[in-house]
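To start, the structure under review is shown below, and the notes come after it.
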Amino acid sequence: MLAIENLHKSFPTPQGPLPVLQGVDLCLPRGSSLALMGESGSGKSTLLHLIAGLDRADSGRIMVDGVALDSRAEASLAQWRRQGIGLVFQQYNLISSLDVGSNLAFQARLADRHDPAWVAHLAHRLGLAQLLAHYPEQLSGGQQQRVAIGRALAGRPAWLLADEPTGSLDEASSDEVLSLLLQLVDEAGSGVLMVTHSPRLAARLQQRCYLRAGRVQAGKG
C-alpha cells in the first residue's frame, strides 16, 4: 500500500517560497495503476521524486506498507530506491558504456535481485533479445525506452514510477510501448504511477487523477 497524506512541498525563490504541493492525498493498493495528470509545473514530477525518496517533503507523510518514508535514514531510503521502486523517464537515462544486456540487469544487480531467467523473459517480451550486445547509441528511441522499462522492472519493484515515459515517441510507438509496460508491470506484480499529459494514454490505466492548485483530484473512467 502506498499512502500519501497531506503532503506539502515548496521551493525557494528570490521572492520567497513557491508552494508546489499543498496537501496532496493519495492511497494506492499494491498492483494498481494510476495516471497523474495536470498542467506543466503543477508538481507531478515533484510528487514522483518525493515518492522515490529523491527529495523530502516540507510536511505530510508518504507511507509504504505502514512505514513513513520521512522517518527512514538515508541508508534505508537508498535501499527503497534500489528495491522498492523502478524509475522510467522520458530521457531514458541508459548507461552509455554498458550494452543492452548489462543495462537491463543493472538495477536488479544493485537490488541484489538479479534473476537471469526473468531478465531474459523481459528482453524477449520487449523485442530486445537480438540486441543484447548493442549499445544505447546503436538503438532507436523506442528501443532505448524499452531497455529503460526492462531495467526498471528487472528487480520486480513494488512500484514503477514513470515520468512521461512515451513523451518523445510518436503515437503508434507510444501505444505499443505503453501496452508492453502495462503487461510487464502485471507480470512483475508491481503497481504503476505514471505522469502523462495524454488523456488517451491515461485512459489505459485503472485510475486517473489531476493535480490542480497543489492538490490531487481523483477520478475514474
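Every chain in the C-alpha cells takes a letter, A first, then B, and so on in the order presented; its residues are numbered from 1, and the ligands are numbered from 1 following the presented order.
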| For range 189-197 of chain A: contacts at 8 Å, only C-alpha atoms, fewer than 3 positions along chain excluded, given as a ChimeraX atom specification | /A:29-39,44-45,156-165,167,185-186,201-202
Can you spit out the residues from that selection as a PDB file, in the first residue's frame, using N, CA and C atoms?
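part_30.pdb written:
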ATOM      1  N   PRO A  29      -3.501   0.816  -3.579  1.00  0.00           N
ATOM      2  CA  PRO A  29      -3.146  -0.562  -3.244  1.00  0.00           C
ATOM      3  C   PRO A  29      -2.044  -1.065  -4.167  1.00  0.00           C
ATOM      4  N   ARG A  30      -1.215  -1.944  -3.662  1.00  0.00           N
ATOM      5  CA  ARG A  30      -0.163  -2.525  -4.493  1.00  0.00           C
ATOM      6  C   ARG A  30      -0.791  -3.253  -5.679  1.00  0.00           C
ATOM      7  N   GLY A  31      -0.166  -3.087  -6.832  1.00  0.00           N
ATOM      8  CA  GLY A  31      -0.656  -3.712  -8.050  1.00  0.00           C
ATOM      9  C   GLY A  31      -1.592  -2.836  -8.846  1.00  0.00           C
ATOM     10  N   SER A  32      -1.960  -1.677  -8.314  1.00  0.00           N
ATOM     11  CA  SER A  32      -2.862  -0.782  -9.036  1.00  0.00           C
ATOM     12  C   SER A  32      -2.083   0.113  -9.990  1.00  0.00           C
ATOM     13  N   SER A  33      -2.800   0.764 -10.906  1.00  0.00           N
ATOM     14  CA  SER A  33      -2.172   1.673 -11.859  1.00  0.00           C
ATOM     15  C   SER A  33      -2.914   2.994 -11.858  1.00  0.00           C
ATOM     16  N   LEU A  34      -2.153   4.083 -11.854  1.00  0.00           N
ATOM     17  CA  LEU A  34      -2.746   5.409 -11.794  1.00  0.00           C
ATOM     18  C   LEU A  34      -1.996   6.357 -12.706  1.00  0.00           C
ATOM     19  N   ALA A  35      -2.740   7.137 -13.477  1.00  0.00           N
ATOM     20  CA  ALA A  35      -2.164   8.189 -14.321  1.00  0.00           C
ATOM     21  C   ALA A  35      -2.311   9.512 -13.593  1.00  0.00           C
ATOM     22  N   LEU A  36      -1.199  10.207 -13.445  1.00  0.00           N
ATOM     23  CA  LEU A  36      -1.185  11.508 -12.785  1.00  0.00           C
ATOM     24  C   LEU A  36      -1.079  12.585 -13.855  1.00  0.00           C
ATOM     25  N   MET A  37      -2.099  13.446 -13.908  1.00  0.00           N
ATOM     26  CA  MET A  37      -2.182  14.458 -14.944  1.00  0.00           C
ATOM     27  C   MET A  37      -2.216  15.854 -14.329  1.00  0.00           C
ATOM     28  N   GLY A  38      -2.037  16.865 -15.158  1.00  0.00           N
ATOM     29  CA  GLY A  38      -2.050  18.240 -14.692  1.00  0.00           C
ATOM     30  C   GLY A  38      -1.213  19.110 -15.606  1.00  0.00           C
ATOM     31  N   GLU A  39      -1.356  20.404 -15.465  1.00  0.00           N
ATOM     32  CA  GLU A  39      -0.613  21.331 -16.305  1.00  0.00           C
ATOM     33  C   GLU A  39       0.876  21.259 -16.010  1.00  0.00           C
ATOM     34  N   LYS A  44       3.734  17.419 -10.726  1.00  0.00           N
ATOM     35  CA  LYS A  44       3.638  15.969 -10.971  1.00  0.00           C
ATOM     36  C   LYS A  44       5.001  15.291 -10.783  1.00  0.00           C
ATOM     37  N   SER A  45       6.019  15.837 -11.412  1.00  0.00           N
ATOM     38  CA  SER A  45       7.352  15.243 -11.287  1.00  0.00           C
ATOM     39  C   SER A  45       7.881  15.378  -9.863  1.00  0.00           C
ATOM     40  N   ARG A 156      11.778  -6.542 -10.078  1.00  0.00           N
ATOM     41  CA  ARG A 156      10.400  -6.720  -9.608  1.00  0.00           C
ATOM     42  C   ARG A 156      10.074  -5.753  -8.453  1.00  0.00           C
ATOM     43  N   PRO A 157      10.135  -4.450  -8.720  1.00  0.00           N
ATOM     44  CA  PRO A 157       9.860  -3.484  -7.649  1.00  0.00           C
ATOM     45  C   PRO A 157       8.385  -3.461  -7.275  1.00  0.00           C
ATOM     46  N   ALA A 158       8.101  -2.933  -6.087  1.00  0.00           N
ATOM     47  CA  ALA A 158       6.707  -2.792  -5.683  1.00  0.00           C
ATOM     48  C   ALA A 158       5.994  -1.776  -6.561  1.00  0.00           C
ATOM     49  N   TRP A 159       6.730  -0.714  -6.965  1.00  0.00           N
ATOM     50  CA  TRP A 159       6.124   0.361  -7.743  1.00  0.00           C
ATOM     51  C   TRP A 159       7.021   0.782  -8.887  1.00  0.00           C
ATOM     52  N   LEU A 160       6.413   0.956 -10.037  1.00  0.00           N
ATOM     53  CA  LEU A 160       7.085   1.563 -11.178  1.00  0.00           C
ATOM     54  C   LEU A 160       6.623   3.015 -11.255  1.00  0.00           C
ATOM     55  N   LEU A 161       7.564   3.937 -11.214  1.00  0.00           N
ATOM     56  CA  LEU A 161       7.272   5.367 -11.315  1.00  0.00           C
ATOM     57  C   LEU A 161       7.749   5.830 -12.679  1.00  0.00           C
ATOM     58  N   ALA A 162       6.817   6.277 -13.508  1.00  0.00           N
ATOM     59  CA  ALA A 162       7.139   6.614 -14.898  1.00  0.00           C
ATOM     60  C   ALA A 162       6.769   8.067 -15.171  1.00  0.00           C
ATOM     61  N   ASP A 163       7.746   8.864 -15.574  1.00  0.00           N
ATOM     62  CA  ASP A 163       7.536  10.291 -15.829  1.00  0.00           C
ATOM     63  C   ASP A 163       7.532  10.529 -17.332  1.00  0.00           C
ATOM     64  N   GLU A 164       6.329  10.700 -17.908  1.00  0.00           N
ATOM     65  CA  GLU A 164       6.175  10.891 -19.360  1.00  0.00           C
ATOM     66  C   GLU A 164       6.991   9.844 -20.132  1.00  0.00           C
ATOM     67  N   PRO A 165       6.785   8.551 -19.865  1.00  0.00           N
ATOM     68  CA  PRO A 165       7.672   7.523 -20.430  1.00  0.00           C
ATOM     69  C   PRO A 165       7.624   7.410 -21.949  1.00  0.00           C
ATOM     70  N   GLY A 167       6.790  10.206 -23.926  1.00  0.00           N
ATOM     71  CA  GLY A 167       6.641  11.569 -24.389  1.00  0.00           C
ATOM     72  C   GLY A 167       7.429  11.920 -25.633  1.00  0.00           C
ATOM     73  N   VAL A 185       4.345  -4.892 -16.126  1.00  0.00           N
ATOM     74  CA  VAL A 185       4.085  -4.482 -14.748  1.00  0.00           C
ATOM     75  C   VAL A 185       3.198  -5.517 -14.072  1.00  0.00           C
ATOM     76  N   ASP A 186       2.185  -5.989 -14.791  1.00  0.00           N
ATOM     77  CA  ASP A 186       1.293  -7.001 -14.248  1.00  0.00           C
ATOM     78  C   ASP A 186       2.042  -8.302 -13.981  1.00  0.00           C
ATOM     79  N   LEU A 201      -3.573   8.115 -23.350  1.00  0.00           N
ATOM     80  CA  LEU A 201      -2.741   7.144 -22.648  1.00  0.00           C
ATOM     81  C   LEU A 201      -3.231   6.945 -21.216  1.00  0.00           C
ATOM     82  N   ALA A 202      -3.654   8.029 -20.585  1.00  0.00           N
ATOM     83  CA  ALA A 202      -4.135   7.933 -19.209  1.00  0.00           C
ATOM     84  C   ALA A 202      -5.333   6.996 -19.097  1.00  0.00           C
TER      85      ALA A 202
END
| task | Would you mind writing down, as a ChimeraX atom specification, each residue of range 18-107 of chain A that DSSP on the backbone assigns to alpha helix (DSSP H)? | result | /A:44-51,74-79,100-107
| Distance query Gly141 in chain A at most 8 Å, only C-alpha atoms, self and fewer than 2 positions along chain excluded, as a PyMOL selection string | chain A and resi 139+143-145+168-169
| task | May I ask which of the residues A:Ala148, A:Ile95, A:Ala154, A:Leu54 is the closest one to Pro116 in chain A, counting only C-alpha atoms? | result | A:Ala154
| task | Please provide the set of residues having any atom within 10 Å of range 99-114 of chain A, restricted to only C-alpha atoms, with same-chain residues fewer than 6 positions apart removed, written as a ChimeraX atom specification. | result | /A:79-87,120,122-123,128-139,143-144,146-157
Prev. selection, N, CA and C atoms, output as a compact mmCIF listing (two decimals), in the first residue's frame:
# COMPACT_ATOMS: atom_id res chain seq x y z
N GLN A 79 18.00 2.02 0.06
CA GLN A 79 17.50 0.66 -0.16
C GLN A 79 16.12 0.69 -0.82
N TRP A 80 15.26 1.64 -0.42
CA TRP A 80 13.95 1.80 -1.05
C TRP A 80 14.11 2.11 -2.52
N ARG A 81 15.06 2.99 -2.87
CA ARG A 81 15.28 3.34 -4.27
C ARG A 81 15.79 2.15 -5.07
N ARG A 82 16.60 1.31 -4.44
CA ARG A 82 17.14 0.15 -5.15
C ARG A 82 16.12 -0.96 -5.31
N GLN A 83 15.33 -1.22 -4.26
CA GLN A 83 14.49 -2.41 -4.24
C GLN A 83 12.99 -2.12 -4.36
N GLY A 84 12.54 -0.99 -3.87
CA GLY A 84 11.11 -0.74 -3.79
C GLY A 84 10.51 -0.12 -5.02
N ILE A 85 11.33 0.57 -5.81
CA ILE A 85 10.80 1.30 -6.96
C ILE A 85 11.64 1.03 -8.20
N GLY A 86 11.03 1.24 -9.34
CA GLY A 86 11.72 1.29 -10.62
C GLY A 86 11.35 2.61 -11.27
N LEU A 87 12.30 3.28 -11.87
CA LEU A 87 12.08 4.60 -12.45
C LEU A 87 12.23 4.55 -13.96
N ALA A 120 15.91 -12.40 -19.11
CA ALA A 120 15.81 -12.94 -20.46
C ALA A 120 14.36 -12.87 -20.96
N LEU A 122 12.13 -10.61 -19.99
CA LEU A 122 11.88 -9.20 -20.30
C LEU A 122 12.47 -8.83 -21.66
N ALA A 123 13.69 -9.28 -21.91
CA ALA A 123 14.34 -8.97 -23.19
C ALA A 123 13.52 -9.52 -24.36
N LEU A 128 14.04 -7.25 -27.47
CA LEU A 128 15.44 -6.86 -27.33
C LEU A 128 16.41 -8.04 -27.35
N ALA A 129 15.87 -9.25 -27.50
CA ALA A 129 16.70 -10.44 -27.36
C ALA A 129 17.85 -10.48 -28.36
N GLN A 130 17.65 -9.88 -29.55
CA GLN A 130 18.70 -9.88 -30.57
C GLN A 130 19.60 -8.66 -30.46
N LEU A 131 19.36 -7.82 -29.46
CA LEU A 131 20.10 -6.56 -29.35
C LEU A 131 20.93 -6.48 -28.07
N LEU A 132 21.09 -7.58 -27.36
CA LEU A 132 21.72 -7.54 -26.04
C LEU A 132 23.17 -7.07 -26.09
N ALA A 133 23.85 -7.28 -27.20
CA ALA A 133 25.25 -6.86 -27.31
C ALA A 133 25.39 -5.45 -27.88
N HIS A 134 24.26 -4.82 -28.23
CA HIS A 134 24.31 -3.46 -28.75
C HIS A 134 24.44 -2.45 -27.60
N TYR A 135 24.86 -1.23 -27.98
CA TYR A 135 24.98 -0.15 -27.01
C TYR A 135 23.86 0.87 -27.26
N PRO A 136 23.51 1.66 -26.24
CA PRO A 136 22.38 2.58 -26.39
C PRO A 136 22.44 3.44 -27.64
N GLU A 137 23.62 3.92 -28.02
CA GLU A 137 23.73 4.80 -29.19
C GLU A 137 23.38 4.10 -30.49
N GLN A 138 23.34 2.77 -30.47
CA GLN A 138 23.01 2.00 -31.66
C GLN A 138 21.51 1.70 -31.76
N LEU A 139 20.73 2.18 -30.80
CA LEU A 139 19.31 1.87 -30.75
C LEU A 139 18.47 3.07 -31.14
N GLN A 143 13.48 1.73 -28.95
CA GLN A 143 14.24 0.61 -28.39
C GLN A 143 14.90 1.01 -27.07
N GLN A 144 15.43 2.22 -27.00
CA GLN A 144 16.03 2.69 -25.76
C GLN A 144 14.99 2.75 -24.64
N ARG A 146 12.39 0.89 -24.35
CA ARG A 146 12.10 -0.50 -23.96
C ARG A 146 13.18 -1.02 -23.00
N VAL A 147 14.43 -0.66 -23.27
CA VAL A 147 15.51 -1.05 -22.35
C VAL A 147 15.27 -0.41 -20.98
N ALA A 148 14.88 0.86 -20.97
CA ALA A 148 14.64 1.55 -19.71
C ALA A 148 13.51 0.89 -18.92
N ILE A 149 12.46 0.46 -19.61
CA ILE A 149 11.36 -0.22 -18.95
C ILE A 149 11.82 -1.57 -18.39
N GLY A 150 12.56 -2.31 -19.19
CA GLY A 150 13.06 -3.60 -18.72
C GLY A 150 13.98 -3.45 -17.52
N ARG A 151 14.85 -2.46 -17.56
CA ARG A 151 15.77 -2.22 -16.43
C ARG A 151 14.98 -1.92 -15.16
N ALA A 152 13.93 -1.09 -15.29
CA ALA A 152 13.15 -0.70 -14.12
C ALA A 152 12.39 -1.87 -13.51
N LEU A 153 12.00 -2.84 -14.34
CA LEU A 153 11.20 -3.97 -13.86
C LEU A 153 12.04 -5.21 -13.54
N ALA A 154 13.32 -5.18 -13.86
CA ALA A 154 14.15 -6.38 -13.69
C ALA A 154 14.22 -6.84 -12.24
N GLY A 155 14.14 -5.89 -11.30
CA GLY A 155 14.20 -6.25 -9.89
C GLY A 155 12.85 -6.48 -9.26
N ARG A 156 11.78 -6.54 -10.08
CA ARG A 156 10.40 -6.72 -9.61
C ARG A 156 10.07 -5.75 -8.45
N PRO A 157 10.13 -4.45 -8.72
CA PRO A 157 9.86 -3.48 -7.65
C PRO A 157 8.38 -3.46 -7.27
